$ cat work26.tsv   # TSV, C-alpha atoms
chain	number	residue	atom	x	y	z
A	1	MET	CA	83.42	-38.06	-36.38
A	2	SER	CA	82.97	-34.39	-36.85
A	3	TRP	CA	84.77	-33.25	-33.74
A	4	GLN	CA	87.95	-35.10	-34.45
A	5	TRP	CA	89.96	-31.98	-33.80
A	6	VAL	CA	89.32	-32.29	-30.08
A	7	PRO	CA	92.68	-33.54	-28.89
A	8	ARG	CA	92.61	-36.92	-27.22
A	9	LYS	CA	95.12	-35.87	-24.64
A	10	GLY	CA	94.27	-32.88	-22.47
A	11	ALA	CA	90.88	-31.38	-21.85
A	12	GLY	CA	88.04	-31.58	-24.33
A	13	LEU	CA	84.94	-29.45	-23.83
A	14	PHE	CA	83.28	-31.86	-21.42
A	15	THR	CA	85.91	-34.47	-21.00
A	16	SER	CA	88.16	-32.95	-18.42
A	17	SER	CA	91.58	-34.48	-18.12
A	18	HIS	CA	91.05	-34.38	-14.40
A	19	ARG	CA	89.67	-37.43	-12.77
A	20	HIS	CA	86.54	-35.81	-11.45
A	21	GLN	CA	84.32	-34.32	-14.07
A	22	PRO	CA	81.13	-33.45	-12.20
A	23	TRP	CA	81.22	-30.06	-13.78
A	24	LEU	CA	79.32	-31.33	-16.77
A	25	TRP	CA	76.32	-31.90	-14.53
A	26	GLN	CA	76.70	-28.58	-12.82
A	27	VAL	CA	77.00	-26.76	-16.12
A	28	THR	CA	73.90	-28.65	-17.24
A	29	ALA	CA	72.01	-27.62	-14.12
A	30	LEU	CA	73.03	-24.00	-14.53
A	31	CYS	CA	72.03	-24.15	-18.19
A	32	PHE	CA	68.58	-25.23	-17.06
A	33	ILE	CA	68.34	-22.35	-14.58
A	34	LEU	CA	69.63	-19.97	-17.24
A	35	GLY	CA	66.92	-21.24	-19.58
A	36	LEU	CA	64.32	-20.51	-16.91
A	37	LEU	CA	65.70	-17.00	-16.44
A	38	VAL	CA	65.81	-16.30	-20.17
A	39	ALA	CA	62.22	-17.48	-20.58
A	40	GLY	CA	61.19	-15.38	-17.58
A	41	SER	CA	62.89	-12.29	-19.00
A	42	LEU	CA	61.27	-12.80	-22.38
A	43	GLN	CA	57.84	-13.25	-20.83
A	44	THR	CA	58.30	-10.24	-18.58
A	45	VAL	CA	59.35	-8.00	-21.43
A	46	SER	CA	56.39	-9.11	-23.52
A	47	THR	CA	54.11	-8.49	-20.53
A	48	ILE	CA	55.52	-4.97	-20.25
A	49	ARG	CA	55.10	-4.40	-23.99
A	50	ARG	CA	51.49	-5.54	-23.81
A	51	SER	CA	50.54	-3.49	-20.77
A	52	GLY	CA	52.32	-0.44	-22.14
A	53	THR	CA	54.02	0.30	-18.85
A	54	ALA	CA	57.46	1.78	-19.20
A	55	PRO	CA	60.10	-0.34	-17.50
A	56	GLY	CA	60.95	1.47	-14.32
A	57	ARG	CA	62.72	0.38	-11.19
A	58	VAL	CA	61.87	0.45	-7.52
A	59	GLY	CA	61.20	3.93	-6.29
A	60	PHE	CA	60.36	5.36	-9.67
A	61	GLY	CA	57.16	3.47	-10.36
A	62	GLY	CA	56.58	4.28	-14.02
A	63	GLY	CA	53.87	6.87	-14.34
A	64	ILE	CA	50.16	6.55	-13.69
A	65	SER	CA	48.88	3.09	-12.81
A	66	PRO	CA	46.33	1.43	-15.09
A	67	SER	CA	43.64	1.53	-12.40
A	68	MET	CA	44.06	5.30	-12.06
A	69	THR	CA	43.90	5.68	-15.82
A	70	ALA	CA	40.69	3.65	-15.86
A	71	THR	CA	39.19	5.91	-13.17
A	72	LEU	CA	40.25	8.94	-15.19
A	73	ARG	CA	38.60	7.59	-18.33
A	74	GLN	CA	35.43	6.87	-16.37
A	75	ARG	CA	35.35	10.40	-14.96
A	76	GLU	CA	35.85	11.84	-18.42
A	77	LYS	CA	32.94	9.81	-19.66
A	78	GLU	CA	30.84	11.05	-16.73
A	79	ILE	CA	31.72	14.64	-17.61
A	80	ALA	CA	30.68	14.04	-21.21
A	81	ASP	CA	27.40	12.45	-20.09
A	82	LEU	CA	26.62	15.27	-17.65
A	83	ARG	CA	27.32	17.93	-20.25
A	84	GLU	CA	25.02	16.12	-22.67
A	85	LYS	CA	22.33	15.97	-20.02
A	86	GLN	CA	22.81	19.67	-19.33
A	87	THR	CA	22.23	20.44	-23.00
A	88	ALA	CA	19.04	18.38	-22.95
A	89	LEU	CA	17.82	20.18	-19.82
A	90	GLU	CA	18.56	23.55	-21.34
A	91	ASN	CA	16.52	22.57	-24.37
A	92	VAL	CA	13.62	21.45	-22.21
A	93	LEU	CA	13.79	24.59	-20.12
A	94	ALA	CA	13.69	26.76	-23.19
A	95	GLU	CA	10.59	25.09	-24.59
A	96	GLY	CA	7.52	27.22	-24.59
A	97	SER	CA	8.94	30.62	-23.88
A	98	GLY	CA	10.10	32.54	-26.93
A	99	LYS	CA	12.71	34.55	-25.06
A	100	LEU	CA	14.23	31.51	-23.44
A	101	GLN	CA	14.24	29.73	-26.77
A	102	ALA	CA	16.24	32.53	-28.37
A	103	LEU	CA	18.65	32.55	-25.45
A	104	ASN	CA	19.07	28.80	-25.61
A	105	GLU	CA	19.78	28.87	-29.31
A	106	GLU	CA	22.55	31.36	-28.65
A	107	LEU	CA	23.83	29.25	-25.78
A	108	GLN	CA	23.97	26.08	-27.87
A	109	LYS	CA	25.81	27.90	-30.62
A	110	VAL	CA	28.39	29.17	-28.14
A	111	LYS	CA	28.78	25.69	-26.68
A	112	LEU	CA	29.30	24.28	-30.14
A	113	LEU	CA	31.92	26.90	-30.86
A	114	SER	CA	33.74	26.28	-27.61
A	115	GLY	CA	33.78	22.55	-28.21
A	116	LEU	CA	31.59	21.43	-25.33
A	117	THR	CA	29.25	19.38	-27.50
A	118	GLU	CA	29.82	16.34	-29.65
A	119	VAL	CA	29.48	17.37	-33.26
A	120	GLU	CA	29.19	15.63	-36.57
A	121	GLY	CA	29.39	16.57	-40.19
A	122	PRO	CA	31.42	16.03	-43.33
A	123	GLY	CA	35.16	16.18	-42.97
A	124	ILE	CA	38.36	14.22	-43.07
A	125	PHE	CA	40.00	11.39	-41.21
A	126	MET	CA	43.73	11.31	-40.97
A	127	MET	CA	46.02	8.69	-39.48
A	128	LEU	CA	49.53	9.72	-38.58
A	129	GLN	CA	52.21	7.41	-37.23
A	130	ASP	CA	55.93	7.03	-36.81
A	131	SER	CA	57.78	5.64	-39.80
A	132	LYS	CA	58.78	2.00	-39.66
A	133	ARG	CA	62.00	2.94	-41.38
A	134	ARG	CA	65.05	3.47	-39.27
A	135	SER	CA	67.84	5.84	-40.01
A	136	ASN	CA	71.04	6.53	-38.16
A	137	ARG	CA	71.43	9.96	-39.60
A	138	ALA	CA	70.27	12.36	-36.94
A	139	PHE	CA	68.45	14.81	-39.15
A	140	GLU	CA	66.55	12.03	-40.90
A	141	SER	CA	65.64	9.93	-37.86
A	142	GLU	CA	64.26	13.13	-36.34
A	143	ARG	CA	61.81	13.41	-39.21
A	144	LEU	CA	60.72	9.76	-39.12
A	145	ILE	CA	58.97	10.34	-35.80
A	146	VAL	CA	55.74	12.25	-35.28
A	147	HIS	CA	56.45	15.15	-32.96
A	148	ASP	CA	54.27	17.57	-31.06
A	149	TYR	CA	55.04	20.24	-33.64
A	150	ASP	CA	53.76	17.94	-36.39
A	151	LEU	CA	50.38	17.86	-34.66
A	152	GLN	CA	50.54	21.61	-34.04
A	153	MET	CA	51.23	22.25	-37.72
A	154	LEU	CA	48.47	19.88	-38.73
A	155	VAL	CA	45.90	21.50	-36.44
A	156	ASN	CA	46.99	24.91	-37.66
A	157	GLU	CA	46.67	23.87	-41.29
A	158	LEU	CA	43.25	22.34	-40.70
A	159	THR	CA	42.01	25.42	-38.84
A	160	ALA	CA	43.32	27.63	-41.63
A	161	SER	CA	41.37	25.48	-44.09
A	162	GLY	CA	38.17	26.16	-42.22
A	163	ALA	CA	37.88	23.16	-39.93
A	164	GLU	CA	35.10	23.73	-37.41
A	165	ALA	CA	35.97	20.91	-35.03
A	166	ILE	CA	39.17	18.91	-34.66
A	167	SER	CA	40.06	16.01	-32.43
A	168	ILE	CA	43.28	14.07	-31.92
A	169	ASN	CA	42.84	10.53	-30.59
A	170	GLY	CA	39.50	11.50	-29.07
A	171	GLN	CA	40.80	14.72	-27.53
A	172	ARG	CA	38.85	17.69	-28.82
A	173	VAL	CA	41.03	20.62	-29.80
A	174	ILE	CA	39.54	23.80	-28.32
A	175	SER	CA	40.80	27.33	-27.87
A	176	ARG	CA	42.57	26.42	-24.65
A	177	THR	CA	44.18	23.24	-25.99
A	178	ALA	CA	47.93	22.91	-25.72
A	179	ILE	CA	49.80	20.34	-27.79
A	180	ARG	CA	53.16	19.69	-26.27
A	181	CYS	CA	55.81	17.05	-25.86
A	182	VAL	CA	56.37	15.51	-22.44
A	183	GLY	CA	59.04	12.84	-22.47
A	184	PRO	CA	58.04	10.08	-24.85
A	185	ALA	CA	54.39	11.15	-25.08
A	186	ILE	CA	52.54	14.00	-26.70
A	187	MET	CA	50.02	15.75	-24.46
A	188	VAL	CA	46.82	17.10	-25.94
A	189	ASN	CA	44.60	18.84	-23.36
A	190	SER	CA	47.07	17.53	-20.74
A	191	VAL	CA	46.13	13.97	-21.74
A	192	PRO	CA	48.94	11.85	-23.14
A	193	VAL	CA	48.26	10.51	-26.63
A	194	VAL	CA	50.36	7.94	-28.46
A	195	PRO	CA	50.74	6.94	-32.10
A	196	PRO	CA	48.99	6.06	-34.29
A	197	PHE	CA	47.36	9.47	-34.13
A	198	GLU	CA	43.84	9.63	-35.48
A	199	ILE	CA	42.87	13.13	-36.41
A	200	LEU	CA	39.27	13.98	-37.18
A	201	ALA	CA	38.22	17.32	-38.59
A	202	ILE	CA	34.84	18.66	-39.62
A	203	GLY	CA	34.67	21.05	-42.53
A	204	ASP	CA	34.46	20.95	-46.30
A	205	PRO	CA	36.35	17.70	-47.08
A	206	GLY	CA	37.77	19.05	-50.34
A	207	THR	CA	39.04	22.25	-48.76
A	208	LEU	CA	40.53	20.46	-45.76
A	209	ALA	CA	42.32	17.88	-47.89
A	210	GLY	CA	43.38	20.59	-50.32
A	211	GLY	CA	44.84	22.70	-47.53
A	212	LEU	CA	46.89	19.78	-46.27
A	213	ASN	CA	48.02	18.93	-49.80
A	214	LEU	CA	49.20	22.42	-50.71
A	215	PRO	CA	52.47	22.27	-52.65
A	216	GLY	CA	55.31	22.75	-50.19
A	217	GLY	CA	52.84	22.20	-47.38
A	218	TYR	CA	52.82	19.79	-44.53
A	219	LEU	CA	51.90	16.61	-46.38
A	220	ASP	CA	54.33	17.35	-49.20
A	221	ASP	CA	57.08	17.32	-46.62
A	222	LEU	CA	55.81	14.11	-45.04
A	223	ARG	CA	55.46	12.39	-48.39
A	224	ALA	CA	59.08	13.13	-49.17
A	225	THR	CA	60.13	11.56	-45.87
A	226	ASP	CA	57.95	8.45	-45.86
A	227	PRO	CA	54.50	8.22	-47.49
A	228	ALA	CA	53.57	5.37	-45.15
A	229	MET	CA	53.53	7.76	-42.21
A	230	PHE	CA	50.04	9.05	-42.96
A	231	ARG	CA	46.71	8.14	-44.45
A	232	LEU	CA	44.20	10.80	-45.44
A	233	GLU	CA	40.57	10.04	-46.12
A	234	ARG	CA	37.66	12.30	-47.00
A	235	ARG	CA	34.55	11.29	-45.13
A	236	GLU	CA	30.86	12.04	-45.57
A	237	ARG	CA	30.27	11.90	-41.86
A	238	VAL	CA	32.72	12.45	-39.04
A	239	ARG	CA	31.88	12.48	-35.33
A	240	VAL	CA	34.12	14.65	-33.22
A	241	PRO	CA	33.81	14.12	-29.46
A	242	ALA	CA	33.19	16.89	-26.96
A	243	TYR	CA	35.90	18.45	-24.83
A	244	THR	CA	35.95	16.70	-21.47
A	245	GLY	CA	38.60	18.69	-19.66
A	246	SER	CA	38.23	21.45	-17.10
A	247	THR	CA	36.23	24.55	-17.99
A	248	GLU	CA	37.30	26.50	-14.94
A	249	VAL	CA	38.08	30.16	-15.61
A	250	ARG	CA	40.13	31.73	-12.82
A	251	TRP	CA	41.67	34.88	-14.17
A	252	ALA	CA	39.83	36.26	-17.15
A	253	LYS	CA	36.77	38.41	-16.55
A	254	PRO	CA	34.57	39.90	-19.26
A	255	VAL	CA	35.13	43.62	-19.71
A	256	VAL	CA	32.01	45.71	-19.26
A	257	ASP	CA	32.66	48.91	-21.15
A	258	SER	CA	31.49	51.78	-18.91
A	259	SER	CA	31.57	54.39	-21.65
A	260	ARG	CA	28.80	52.64	-23.50
A	261	GLY	CA	26.07	53.53	-21.03
A	262	LYS	CA	24.85	53.13	-17.51
A	263	GLU	CA	22.83	49.98	-18.03
A	264	ALA	CA	25.90	48.05	-18.93
A	265	SER	CA	28.07	49.31	-16.08
A	266	LYS	CA	25.42	48.78	-13.47
A	267	LYS	CA	24.82	45.23	-14.42
B	1	MET	CA	77.84	-36.32	-27.42
B	2	THR	CA	77.93	-35.08	-23.85
B	3	TRP	CA	78.07	-31.48	-25.00
B	4	LEU	CA	74.45	-31.85	-26.07
B	5	LEU	CA	73.41	-32.22	-22.44
B	6	PRO	CA	73.77	-28.56	-21.36
B	7	ILE	CA	72.25	-27.31	-24.61
B	8	GLY	CA	69.31	-29.66	-24.17
B	9	ALA	CA	68.98	-28.56	-20.56
B	10	MET	CA	68.85	-24.93	-21.62
B	11	PHE	CA	66.12	-25.60	-24.17
B	12	LEU	CA	64.23	-27.58	-21.56
B	13	GLY	CA	64.65	-24.66	-19.13
B	14	ILE	CA	63.36	-22.17	-21.69
B	15	LEU	CA	60.39	-24.42	-22.41
B	16	VAL	CA	59.53	-24.95	-18.74
B	17	GLY	CA	60.06	-21.28	-17.94
B	18	TRP	CA	58.00	-20.14	-20.91
B	19	ILE	CA	55.07	-22.33	-19.96
B	20	GLY	CA	55.44	-21.58	-16.25
B	21	PHE	CA	55.65	-17.81	-16.69
B	22	SER	CA	52.74	-17.73	-19.10
B	23	ARG	CA	50.59	-19.54	-16.53
B	24	VAL	CA	50.99	-16.86	-13.88
B	25	SER	CA	49.63	-13.50	-14.96
B	26	ILE	CA	51.83	-10.72	-13.68
B	27	PRO	CA	50.46	-7.17	-13.61
B	28	GLY	CA	52.33	-4.90	-15.98
B	29	GLU	CA	53.40	-2.48	-13.24
B	30	LEU	CA	55.04	-5.24	-11.24
B	31	ALA	CA	56.70	-6.69	-14.33
B	32	GLY	CA	58.17	-3.28	-15.06
B	33	ILE	CA	59.69	-3.16	-11.60
B	34	TYR	CA	61.33	-6.56	-11.47
B	35	ALA	CA	62.31	-6.85	-15.15
B	36	PRO	CA	65.81	-5.32	-14.65
B	37	TYR	CA	66.51	-7.70	-11.78
B	38	LEU	CA	65.56	-10.72	-13.83
B	39	SER	CA	67.75	-9.54	-16.69
B	40	LEU	CA	70.64	-9.05	-14.26
B	41	ALA	CA	70.16	-12.57	-12.92
B	42	THR	CA	70.22	-13.88	-16.49
B	43	LEU	CA	73.45	-12.03	-17.14
B	44	ALA	CA	75.01	-13.32	-13.93
B	45	GLY	CA	73.99	-16.86	-14.89
B	46	LEU	CA	75.56	-16.48	-18.33
B	47	ASP	CA	78.73	-15.15	-16.77
B	48	THR	CA	78.99	-18.05	-14.33
B	49	LEU	CA	78.26	-20.57	-17.09
B	50	LEU	CA	81.01	-19.31	-19.39
B	51	GLY	CA	83.37	-18.92	-16.45
B	52	GLY	CA	82.67	-22.51	-15.48
B	53	ILE	CA	83.31	-23.81	-18.97
B	54	ARG	CA	86.54	-21.88	-19.13
B	55	ALA	CA	87.67	-23.20	-15.75
B	56	GLY	CA	86.77	-26.71	-16.88
B	57	ILE	CA	88.89	-26.32	-20.00
B	58	GLU	CA	91.77	-25.00	-17.96
B	59	GLY	CA	91.33	-27.95	-15.65
B	60	ARG	CA	90.72	-25.96	-12.51
B	61	PHE	CA	86.99	-26.28	-12.12
B	62	GLN	CA	85.75	-26.26	-8.54
B	63	ASP	CA	82.10	-26.85	-7.88
B	64	ASP	CA	81.90	-24.70	-4.72
B	65	ILE	CA	83.36	-21.73	-6.59
B	66	PHE	CA	80.97	-22.35	-9.46
B	67	VAL	CA	77.83	-22.44	-7.31
B	68	SER	CA	78.81	-19.70	-4.87
B	69	GLY	CA	79.90	-17.51	-7.81
B	70	PHE	CA	76.47	-17.75	-9.38
B	71	VAL	CA	74.57	-17.06	-6.16
B	72	LEU	CA	76.80	-14.23	-4.96
B	73	ASN	CA	77.09	-12.55	-8.35
B	74	THR	CA	73.31	-12.56	-8.69
B	75	LEU	CA	72.81	-11.20	-5.19
B	76	LEU	CA	75.46	-8.51	-5.61
B	77	ALA	CA	74.06	-7.42	-8.97
B	78	ALA	CA	70.52	-7.27	-7.60
B	79	GLY	CA	71.74	-5.46	-4.47
B	80	LEU	CA	73.63	-2.92	-6.55
B	81	ALA	CA	70.58	-2.33	-8.73
B	82	TYR	CA	68.40	-1.83	-5.66
B	83	LEU	CA	70.89	0.52	-4.03
B	84	GLY	CA	71.14	2.44	-7.30
B	85	ASP	CA	67.36	2.81	-7.37
B	86	ARG	CA	67.38	4.11	-3.81
B	87	ILE	CA	70.13	6.68	-4.28
B	88	GLY	CA	69.18	7.67	-7.81
B	89	VAL	CA	72.29	6.41	-9.63
B	90	ASP	CA	72.04	3.72	-12.29
B	91	LEU	CA	74.36	1.42	-10.35
B	92	PHE	CA	72.99	-1.66	-12.10
B	93	LEU	CA	74.91	-0.48	-15.14
B	94	ALA	CA	78.07	-1.26	-13.17
B	95	ALA	CA	76.93	-4.86	-12.83
B	96	VAL	CA	75.93	-5.02	-16.50
B	97	VAL	CA	79.31	-3.69	-17.63
B	98	ALA	CA	81.35	-5.89	-15.27
B	99	LEU	CA	79.43	-9.08	-16.03
B	100	GLY	CA	79.14	-8.29	-19.71
B	101	SER	CA	82.87	-7.74	-20.14
B	102	ARG	CA	83.59	-10.98	-18.30
B	103	VAL	CA	81.20	-12.86	-20.55
B	104	PHE	CA	83.09	-11.61	-23.57
B	105	LEU	CA	86.46	-12.31	-22.00
B	106	ASN	CA	85.54	-15.88	-21.10
B	107	LEU	CA	84.00	-16.53	-24.48
B	108	SER	CA	87.11	-15.25	-26.22
B	109	LEU	CA	89.34	-17.52	-24.10
B	110	ILE	CA	87.17	-20.55	-24.86
B	111	ARG	CA	87.21	-19.69	-28.53
B	112	ARG	CA	90.96	-19.20	-28.52
B	113	TYR	CA	91.49	-22.56	-26.85
B	114	TYR	CA	89.47	-24.42	-29.43
B	115	LEU	CA	90.87	-22.57	-32.41
B	116	THR	CA	94.40	-23.27	-31.22
B	117	ASN	CA	93.58	-26.93	-30.81
B	118	LEU	CA	91.97	-26.99	-34.22
B	119	THR	CA	95.04	-25.61	-35.98
B	120	LEU	CA	97.31	-27.93	-33.99
B	121	ALA	CA	95.26	-30.95	-34.99
B	122	ARG	CA	95.23	-29.85	-38.63
B	123	ARG	CA	98.99	-29.39	-38.63
B	124	LYS	CA	99.43	-32.85	-37.15
B	125	GLU	CA	97.21	-34.37	-39.84
B	126	GLY	CA	99.16	-32.57	-42.54
B	127	SER	CA	102.54	-33.74	-41.29
B	128	SER	CA	101.66	-37.39	-40.80

$ encode --input "work26.tsv" --output "structure tokens"
Amino acid sequence: MSWQWVPRKGAGLFTSSHRHQPWLWQVTALCFILGLLVAGSLQTVSTIRRSGTAPGRVGFGGGISPSMTATLRQREKEIADLREKQTALENVLAEGSGKLQALNEELQKVKLLSGLTEVEGPGIFMMLQDSKRRSNRAFESERLIVHDYDLQMLVNELTASGAEAISINGQRVISRTAIRCVGPAIMVNSVPVVPPFEILAIGDPGTLAGGLNLPGGYLDDLRATDPAMFRLERRERVRVPAYTGSTEVRWAKPVVDSSRGKEASKK
Amino acid sequence: MTWLLPIGAMFLGILVGWIGFSRVSIPGELAGIYAPYLSLATLAGLDTLLGGIRAGIEGRFQDDIFVSGFVLNTLLAAGLAYLGDRIGVDLFLAAVVALGSRVFLNLSLIRRYYLTNLTLARRKEGSS
């Protein structure tokens, strides 16, 4: 027998020297309960992973609930639809009259510039994600993760290369967009985005890709860290969604220069 | 082969629990809230199990202590975690540390007992 070393005299693992040995059954029962608990824990953790909710405890319910997020998404879609409808109405309104048509053309151009309309054109698609590699050296593990400043640098580089519209995970980057880090998430337009980041940019595909690939530039750096962290594709046709956030302006007012003439100041 | 019984029971428990828990769909928010408590209960169960085995080896196993230890440890750990949530201190860490260190202590004692017996038996074989 393989467990010969268990001494005959004295207590073996489940052959207590004591007369009563009901503890085998109790240990068995507890093992069963423990199995239930382990299975429950595993299932719970996988449920949490799937739903994407951070494990929190009573009193600190982790973040926004899924139903609220769904409502938010729906409202954003409504905003996008309404803005589209507004554009259509403006176009209809401008039909016929030459003056209105000219005004509307100007208006649509401004809306395109400010990012209020969905736009399409040639450009690039870029996927950016955290490295699967792990490192315990602080300076290296820092670089294996995509940070807010990575996205900032990327947007900056793309804009410098003449990108006319940029979006990150469906969030249009406009002049009032902030890209910042809040806890584990990156906020773009005050909306949390998570990896993998999908960046769309409209512009000359060659120039955009060239700008990113400049020697010593952003992608050079990334390639040295882990080439699997990004994928860059030139695309014939890219659709960049419209900005769906708030357009409220509370503080800034256009300056009407009074020295230019009375018509302007009176208006 | 009696030592197979608890191991078999644990596998059976995992199987039953896995199937049972996958039947009921728990919303993610709720799962996030009770997950630490379930983990604590698991830890308390492990602690009681190893403590029971150790007591059995030492020949001073008492079933009332075994059962009440499991129930009370679980309740205390869960209560501490809840209190910690209420007052904003991670008190459940206290339970994790206390139970965890006991798990290791008990395991080391069980291991020591068997290794000692093993060397004793080997020496006996060699001498005879």

$ atom_distance --input "work26.tsv" --atom1 "CA of Leu200 in chain A" --atom2 "CA of Ile168 in chain A"
6.6 Å

$ residues_near_point --input "work26.tsv" --point "(78.8, -5.8, -14.3)" --cutoff "10 Å" --atoms "only C-alpha atoms" --output "ChimeraX atom specification"
/B:40,43-44,47,73,76-77,80,91-103

$ interface_residues --input "work26.tsv" --of "chain B" --to "chain A" --cutoff "8 Å" --atoms "all atoms listed in the file" --output "PDB file with C-alpha atoms, in the coordinates of the input"
ATOM      1  CA  THR B   2      77.930 -35.080 -23.850  1.00  0.00           C
ATOM      2  CA  TRP B   3      78.070 -31.480 -25.000  1.00  0.00           C
ATOM      3  CA  LEU B   5      73.410 -32.220 -22.440  1.00  0.00           C
ATOM      4  CA  PRO B   6      73.770 -28.560 -21.360  1.00  0.00           C
ATOM      5  CA  ILE B   7      72.250 -27.310 -24.610  1.00  0.00           C
ATOM      6  CA  ALA B   9      68.980 -28.560 -20.560  1.00  0.00           C
ATOM      7  CA  MET B  10      68.850 -24.930 -21.620  1.00  0.00           C
ATOM      8  CA  PHE B  11      66.120 -25.600 -24.170  1.00  0.00           C
ATOM      9  CA  LEU B  12      64.230 -27.580 -21.560  1.00  0.00           C
ATOM     10  CA  GLY B  13      64.650 -24.660 -19.130  1.00  0.00           C
ATOM     11  CA  ILE B  14      63.360 -22.170 -21.690  1.00  0.00           C
ATOM     12  CA  LEU B  15      60.390 -24.420 -22.410  1.00  0.00           C
ATOM     13  CA  VAL B  16      59.530 -24.950 -18.740  1.00  0.00           C
ATOM     14  CA  GLY B  17      60.060 -21.280 -17.940  1.00  0.00           C
ATOM     15  CA  TRP B  18      58.000 -20.140 -20.910  1.00  0.00           C
ATOM     16  CA  PHE B  21      55.650 -17.810 -16.690  1.00  0.00           C
ATOM     17  CA  SER B  22      52.740 -17.730 -19.100  1.00  0.00           C
ATOM     18  CA  ILE B  26      51.830 -10.720 -13.680  1.00  0.00           C
ATOM     19  CA  PRO B  27      50.460  -7.170 -13.610  1.00  0.00           C
ATOM     20  CA  GLY B  28      52.330  -4.900 -15.980  1.00  0.00           C
ATOM     21  CA  GLU B  29      53.400  -2.480 -13.240  1.00  0.00           C
ATOM     22  CA  ALA B  31      56.700  -6.690 -14.330  1.00  0.00           C
ATOM     23  CA  GLY B  32      58.170  -3.280 -15.060  1.00  0.00           C
ATOM     24  CA  ILE B  33      59.690  -3.160 -11.600  1.00  0.00           C
ATOM     25  CA  TYR B  34      61.330  -6.560 -11.470  1.00  0.00           C
ATOM     26  CA  ALA B  35      62.310  -6.850 -15.150  1.00  0.00           C
ATOM     27  CA  PRO B  36      65.810  -5.320 -14.650  1.00  0.00           C
ATOM     28  CA  LEU B  38      65.560 -10.720 -13.830  1.00  0.00           C
ATOM     29  CA  SER B  39      67.750  -9.540 -16.690  1.00  0.00           C
ATOM     30  CA  ALA B  41      70.160 -12.570 -12.920  1.00  0.00           C
ATOM     31  CA  THR B  42      70.220 -13.880 -16.490  1.00  0.00           C
ATOM     32  CA  GLY B  45      73.990 -16.860 -14.890  1.00  0.00           C
ATOM     33  CA  LEU B  46      75.560 -16.480 -18.330  1.00  0.00           C
ATOM     34  CA  LEU B  49      78.260 -20.570 -17.090  1.00  0.00           C
ATOM     35  CA  GLY B  52      82.670 -22.510 -15.480  1.00  0.00           C
ATOM     36  CA  ILE B  53      83.310 -23.810 -18.970  1.00  0.00           C
ATOM     37  CA  GLY B  56      86.770 -26.710 -16.880  1.00  0.00           C
ATOM     38  CA  ILE B  57      88.890 -26.320 -20.000  1.00  0.00           C
ATOM     39  CA  GLU B  58      91.770 -25.000 -17.960  1.00  0.00           C
ATOM     40  CA  GLY B  59      91.330 -27.950 -15.650  1.00  0.00           C
ATOM     41  CA  PHE B  61      86.990 -26.280 -12.120  1.00  0.00           C
ATOM     42  CA  GLN B  62      85.750 -26.260  -8.540  1.00  0.00           C
ATOM     43  CA  ASP B  63      82.100 -26.850  -7.880  1.00  0.00           C
ATOM     44  CA  TYR B  82      68.400  -1.830  -5.660  1.00  0.00           C
ATOM     45  CA  ASP B  85      67.360   2.810  -7.370  1.00  0.00           C
ATOM     46  CA  ARG B  86      67.380   4.110  -3.810  1.00  0.00           C
ATOM     47  CA  TYR B 114      89.470 -24.420 -29.430  1.00  0.00           C
ATOM     48  CA  ASN B 117      93.580 -26.930 -30.810  1.00  0.00           C
ATOM     49  CA  LEU B 118      91.970 -26.990 -34.220  1.00  0.00           C
ATOM     50  CA  ALA B 121      95.260 -30.950 -34.990  1.00  0.00           C
ATOM     51  CA  ARG B 122      95.230 -29.850 -38.630  1.00  0.00           C
TER      52      ARG B 122
END

$ residues_around --input "work26.tsv" --residues "Ile202 in chain A" --least-positions-apart "4" --cutoff "8 Å" --atoms "only C-alpha atoms" --output "PDB file with C-alpha atoms, in the frame of the given file"
ATOM      1  CA  GLU A 120      29.190  15.630 -36.570  1.00  0.00           C
ATOM      2  CA  GLY A 121      29.390  16.570 -40.190  1.00  0.00           C
ATOM      3  CA  PRO A 122      31.420  16.030 -43.330  1.00  0.00           C
ATOM      4  CA  GLY A 123      35.160  16.180 -42.970  1.00  0.00           C
ATOM      5  CA  ILE A 124      38.360  14.220 -43.070  1.00  0.00           C
ATOM      6  CA  ALA A 163      37.880  23.160 -39.930  1.00  0.00           C
ATOM      7  CA  GLU A 164      35.100  23.730 -37.410  1.00  0.00           C
ATOM      8  CA  ALA A 165      35.970  20.910 -35.030  1.00  0.00           C
ATOM      9  CA  ILE A 166      39.170  18.910 -34.660  1.00  0.00           C
ATOM     10  CA  VAL A 238      32.720  12.450 -39.040  1.00  0.00           C
ATOM     11  CA  VAL A 240      34.120  14.650 -33.220  1.00  0.00           C
TER      12      VAL A 240
END

$ atom_distance --input "work26.tsv" --atom1 "CA of Pro205 in chain A" --atom2 "CA of Arg231 in chain A"
14.3 Å

$ residues_around --input "work26.tsv" --residues "Pro241 in chain A" --least-positions-apart "6" --cutoff "10 Å" --atoms "only C-alpha atoms" --output "list in words"
Ala80, Gly115, Leu116, Thr117, Glu118, Val119, Glu120, Ala165, Ile166, Ser167, Ile168, Asn169, Gly170, Gln171, Arg172, Val173 and Leu200 of chain A

$ atom_distance --input "work26.tsv" --atom1 "CA of Leu208 in chain A" --atom2 "CA of Asn156 in chain A"
11.3 Å

$ residues_near_point --input "work26.tsv" --point "(55.7, 1.9, -40.6)" --cutoff "10 Å" --atoms "all atoms listed in the file" --output "short mmCIF file (atom, residue, chain, number, x, y, z; two decimals) with C-alpha atoms, in the frame of the given file"
data_model
loop_
_atom_site.label_atom_id
_atom_site.label_comp_id
_atom_site.auth_asym_id
_atom_site.auth_seq_id
_atom_site.Cartn_x
_atom_site.Cartn_y
_atom_site.Cartn_z
CA GLN A 129 52.21 7.41 -37.23
CA ASP A 130 55.93 7.03 -36.81
CA SER A 131 57.78 5.64 -39.80
CA LYS A 132 58.78 2.00 -39.66
CA ARG A 133 62.00 2.94 -41.38
CA ARG A 134 65.05 3.47 -39.27
CA LEU A 144 60.72 9.76 -39.12
CA ASP A 226 57.95 8.45 -45.86
CA PRO A 227 54.50 8.22 -47.49
CA ALA A 228 53.57 5.37 -45.15
CA MET A 229 53.53 7.76 -42.21
CA PHE A 230 50.04 9.05 -42.96
#
